[in-house]
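The next block holds one structure in the form of structure tokens; read it before the comments.
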Amino acid sequence: MPLTKRIIPCLDIKDGQTVKGINFVNIQAVGDPVELGSRYAQMGADELVFLDITATHEKRKTFAELVTRIAQHINIPFTVGGGISSVDDVSVLLNAGADKISVNSAAVRNPQLINDLAKQFGSQCVVLAVDTKFVNGEWIVFLNGGRIPTEVRTYEWVKRAVDLGAGEILLTSMDHDGTKAGFAVELTRMVSESVSVPVIASGGAGNMDHFVDVFEQGKADAALAASLFHYGEIELPDLKGYLRSKGVEVRI
Amino acid sequence: MNVVIIKYNAGNIRSVIFALERIGIKATVSDDPQVIKAADKVIFPGVGEASSAMLYLKEKGLDKVICSLQQPTLGICLGMQLLCSHSEENDVDCLGLIPQKVKKFPASAGKVPQIGWNDISGLKSPIFANIPEHSYVYFVHGYYAAYGANTIATTTYGLEYSAALQKDNFFAVQFHPEKSGDVGQKILENFLSL
């Protein structure tokens with residue numbers, strides 16, 4: 001059997017609590033991150049992502065403490081991200097017990113950061129997160145949780161980031177995020193086929209067929225979703241059973 | 001039980017400490033030869049790069065310490081690769097405790113590093129007691145040890161290779177039991193009860 005496709009619940013963290021933004025704006029609390037993460041791990045999540053969504057603007061020491069609590073209680077891999085801008089930030093989070101870190105805005109502003117992180121900690125723990133939106137016929141990279149547009153083209157950016165040492169790409173289509181109308185399948189496929197590292201598709205999952213589509217047509221290696229799981233709209237065991245019934249290799 | 005985790009310049013030690021805590025073991029992390037030699041069980045973890053890890057082990061004299069161990073010793077991921085004879089990762093001679101060469105995945109295998117859950121089979125070791133064939137465990141690696149006489153579990157990523165190796169008291173797993181859910185926890189418990 002081959003390597004399985006991964007299902008990754010994402011927990012957005014604000015002030016130590018899990019929240020989910022719809023189109024990155026309206027925010028609603030959905031619970032304790034360690035409790036929720038443990039529940040997902042028991043139900044068959046393959047990995048977890050914890051994003052400190054306000055870290056760019058607020059203090060983050062409590063987040064490092066939360067990371068340690070997560071590492072103590074959860075026996076599957078997890079990535080943490082949000083506002084990471086230096087080797088020191090990463091060092092703190094990896095030492096706190098994170099398996100991987102994701103960098104986003106800071107890497108666009110200073111691409112050398114990716115190289116520094118890969119050299120110091122290894123590519124396997126460096127996830128490049130990209131928030132992207134289709135603007136004037138092109139996929140463009142956005143910064144600061146989708147608040148600031150750039151002139152950077154997404155396809156060019158991911159290739160460059162992989163050359164610099166990114167070990168994985170977490171690709172979020174802002175046009176799809178929160179819509180529940182399906183992942184950005186074509187974007188995901190283009191990115192997945194243009195880089196040599198795994199691609200995690202994010203944004204837009206609304207039903208189980210959307211996952212089948214993003215794995216089969218989108219060539220994603222993993223798919224990430226948040227509110228679907230937080231609100232129990234799709235249960236992980238049901239999703240995995242469905243994927244397997246459709247011929248997608250998953251861990252059950 | 002006195003479990004010692006070897007401290008060196010490779011990462012991921014904290015995950016192993018926490019995994020052992022979850023099964024009620026308070027491990028000691030040390031690079032002191034006397035402390036390591038006195039352990040009931042030794043764990044040699046690792047996430048990192050082979051040649052710099054070997055250089056560090058030699059500088060600290062830990063290479064000789066590891067080679068002298070008689071008690072059950074478990075190499076994890078890079079730790080496993082370092083127990084082998086040679087790694088293609090910057091062409092470095094390793095500890096040579098398990099006669100196996102570590103090679104880079106060919107591009108045809110798929111995306112490198114392999115990241116994620118893959119299944120293990122052909123399980124033949126007490127560390128896999130009560131682990132069903134085709135159980136899933138978590139891998140993150142770009143280099144692999146081929147199938148050989150010391151293979152105690154295999155997996156497939158483009159090609160079939162060693163998911164685990166054993167020679168005498170040296171056990172080694174390419175995957176991360178500390179991150180492999182309940183299956184990984186059981187494998188750690190099995191190792192500790194050897």
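Residue numbering restarts at 1 in every chain; chains get A, B, ... in the order shown in the structure tokens, and ligands count up from 1 in that same order.
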Requested in this report: Specify as a VMD selection string all residues of chain B found within 10 Å of chain A, counting only C-alpha atoms.
Outcome: chain B and resid 10 to 22 47 to 49 107 110 to 120 134 to 142 155 to 159 176 to 185
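Taking range 4-40 of chain B and asking which residues DSSP calls strand (DSSP E) on the backbone, you get Val4, Ile5, Ile6, Thr28, Val29 and Ser30 of chain B.
We find CA of Ala205 in chain A and CA of Lys180 in chain A to be spaced 5.0 Å apart.
Those residues that approach Ile200 in chain A to within 7 Å, counting only C-alpha atoms, are Ile169, Leu170, Leu171, Pro198, Ser202, Ala220, Asp221, Ala222, Ala223 and Leu224 of chain A; same-chain residues fewer than 2 positions away are not listed.
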Could the residues in this selection be saved with all heavy atoms as an mmCIF file, in the first residue's frame?
data_model
loop_
_atom_site.group_PDB
_atom_site.id
_atom_site.type_symbol
_atom_site.label_atom_id
_atom_site.label_comp_id
_atom_site.auth_asym_id
_atom_site.auth_seq_id
_atom_site.Cartn_x
_atom_site.Cartn_y
_atom_site.Cartn_z
ATOM 1 N N ILE A 169 4.086 22.527 1.625
ATOM 2 C CA ILE A 169 3.344 23.752 1.319
ATOM 3 C C ILE A 169 1.923 23.620 1.871
ATOM 4 O O ILE A 169 1.239 22.633 1.591
ATOM 5 C CB ILE A 169 3.222 23.976 -0.218
ATOM 6 C CG1 ILE A 169 4.586 23.968 -0.909
ATOM 7 C CG2 ILE A 169 2.444 25.265 -0.508
ATOM 8 C CD1 ILE A 169 5.478 25.130 -0.593
ATOM 9 N N LEU A 170 1.518 24.586 2.670
ATOM 10 C CA LEU A 170 0.142 24.657 3.156
ATOM 11 C C LEU A 170 -0.543 25.768 2.372
ATOM 12 O O LEU A 170 -0.278 26.952 2.573
ATOM 13 C CB LEU A 170 0.122 24.951 4.664
ATOM 14 C CG LEU A 170 -1.204 25.362 5.302
ATOM 15 C CD1 LEU A 170 -2.314 24.377 4.960
ATOM 16 C CD2 LEU A 170 -1.052 25.466 6.803
ATOM 17 N N LEU A 171 -1.382 25.362 1.420
ATOM 18 C CA LEU A 171 -1.915 26.277 0.421
ATOM 19 C C LEU A 171 -3.372 26.612 0.723
ATOM 20 O O LEU A 171 -4.246 25.744 0.647
ATOM 21 C CB LEU A 171 -1.810 25.576 -0.933
ATOM 22 C CG LEU A 171 -2.259 26.347 -2.164
ATOM 23 C CD1 LEU A 171 -1.326 27.523 -2.429
ATOM 24 C CD2 LEU A 171 -2.278 25.405 -3.374
ATOM 25 N N PRO A 198 5.368 17.756 -0.417
ATOM 26 C CA PRO A 198 3.922 17.572 -0.236
ATOM 27 C C PRO A 198 3.164 18.901 -0.162
ATOM 28 O O PRO A 198 3.695 19.905 0.312
ATOM 29 C CB PRO A 198 3.819 16.836 1.107
ATOM 30 C CG PRO A 198 5.154 16.214 1.327
ATOM 31 C CD PRO A 198 6.148 17.141 0.678
ATOM 32 N N SER A 202 -6.045 23.692 1.525
ATOM 33 C CA SER A 202 -6.828 24.295 2.599
ATOM 34 C C SER A 202 -7.815 25.310 2.057
ATOM 35 O O SER A 202 -7.496 26.055 1.131
ATOM 36 C CB SER A 202 -5.857 24.961 3.593
ATOM 37 O OG SER A 202 -6.504 25.939 4.347
ATOM 38 N N ALA A 220 -3.551 16.695 -4.149
ATOM 39 C CA ALA A 220 -3.094 17.114 -2.827
ATOM 40 C C ALA A 220 -2.557 15.905 -2.072
ATOM 41 O O ALA A 220 -3.017 14.777 -2.273
ATOM 42 C CB ALA A 220 -4.243 17.743 -2.046
ATOM 43 N N ASP A 221 -1.585 16.141 -1.211
ATOM 44 C CA ASP A 221 -1.054 15.075 -0.358
ATOM 45 C C ASP A 221 -1.803 15.038 0.967
ATOM 46 O O ASP A 221 -1.819 14.026 1.659
ATOM 47 C CB ASP A 221 0.436 15.324 -0.108
ATOM 48 C CG ASP A 221 1.207 15.303 -1.409
ATOM 49 O OD1 ASP A 221 1.459 14.200 -1.908
ATOM 50 O OD2 ASP A 221 1.511 16.384 -1.960
ATOM 51 N N ALA A 222 -2.400 16.165 1.312
ATOM 52 C CA ALA A 222 -3.149 16.275 2.561
ATOM 53 C C ALA A 222 -4.215 17.333 2.370
ATOM 54 O O ALA A 222 -4.094 18.184 1.489
ATOM 55 C CB ALA A 222 -2.202 16.664 3.702
ATOM 56 N N ALA A 223 -5.271 17.248 3.179
ATOM 57 C CA ALA A 223 -6.313 18.267 3.103
ATOM 58 C C ALA A 223 -6.640 18.738 4.510
ATOM 59 O O ALA A 223 -6.722 17.935 5.446
ATOM 60 C CB ALA A 223 -7.564 17.722 2.419
ATOM 61 N N LEU A 224 -6.805 20.043 4.610
ATOM 62 C CA LEU A 224 -7.017 20.666 5.907
ATOM 63 C C LEU A 224 -8.394 21.308 5.961
ATOM 64 O O LEU A 224 -8.870 21.850 4.971
ATOM 65 C CB LEU A 224 -5.910 21.715 6.092
ATOM 66 C CG LEU A 224 -5.921 22.595 7.332
ATOM 67 C CD1 LEU A 224 -4.471 22.859 7.757
ATOM 68 C CD2 LEU A 224 -6.638 23.900 7.078
#
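Distance-wise, CA of Ala166 in chain A and CA of Phe63 in chain A end up 23.1 Å apart.
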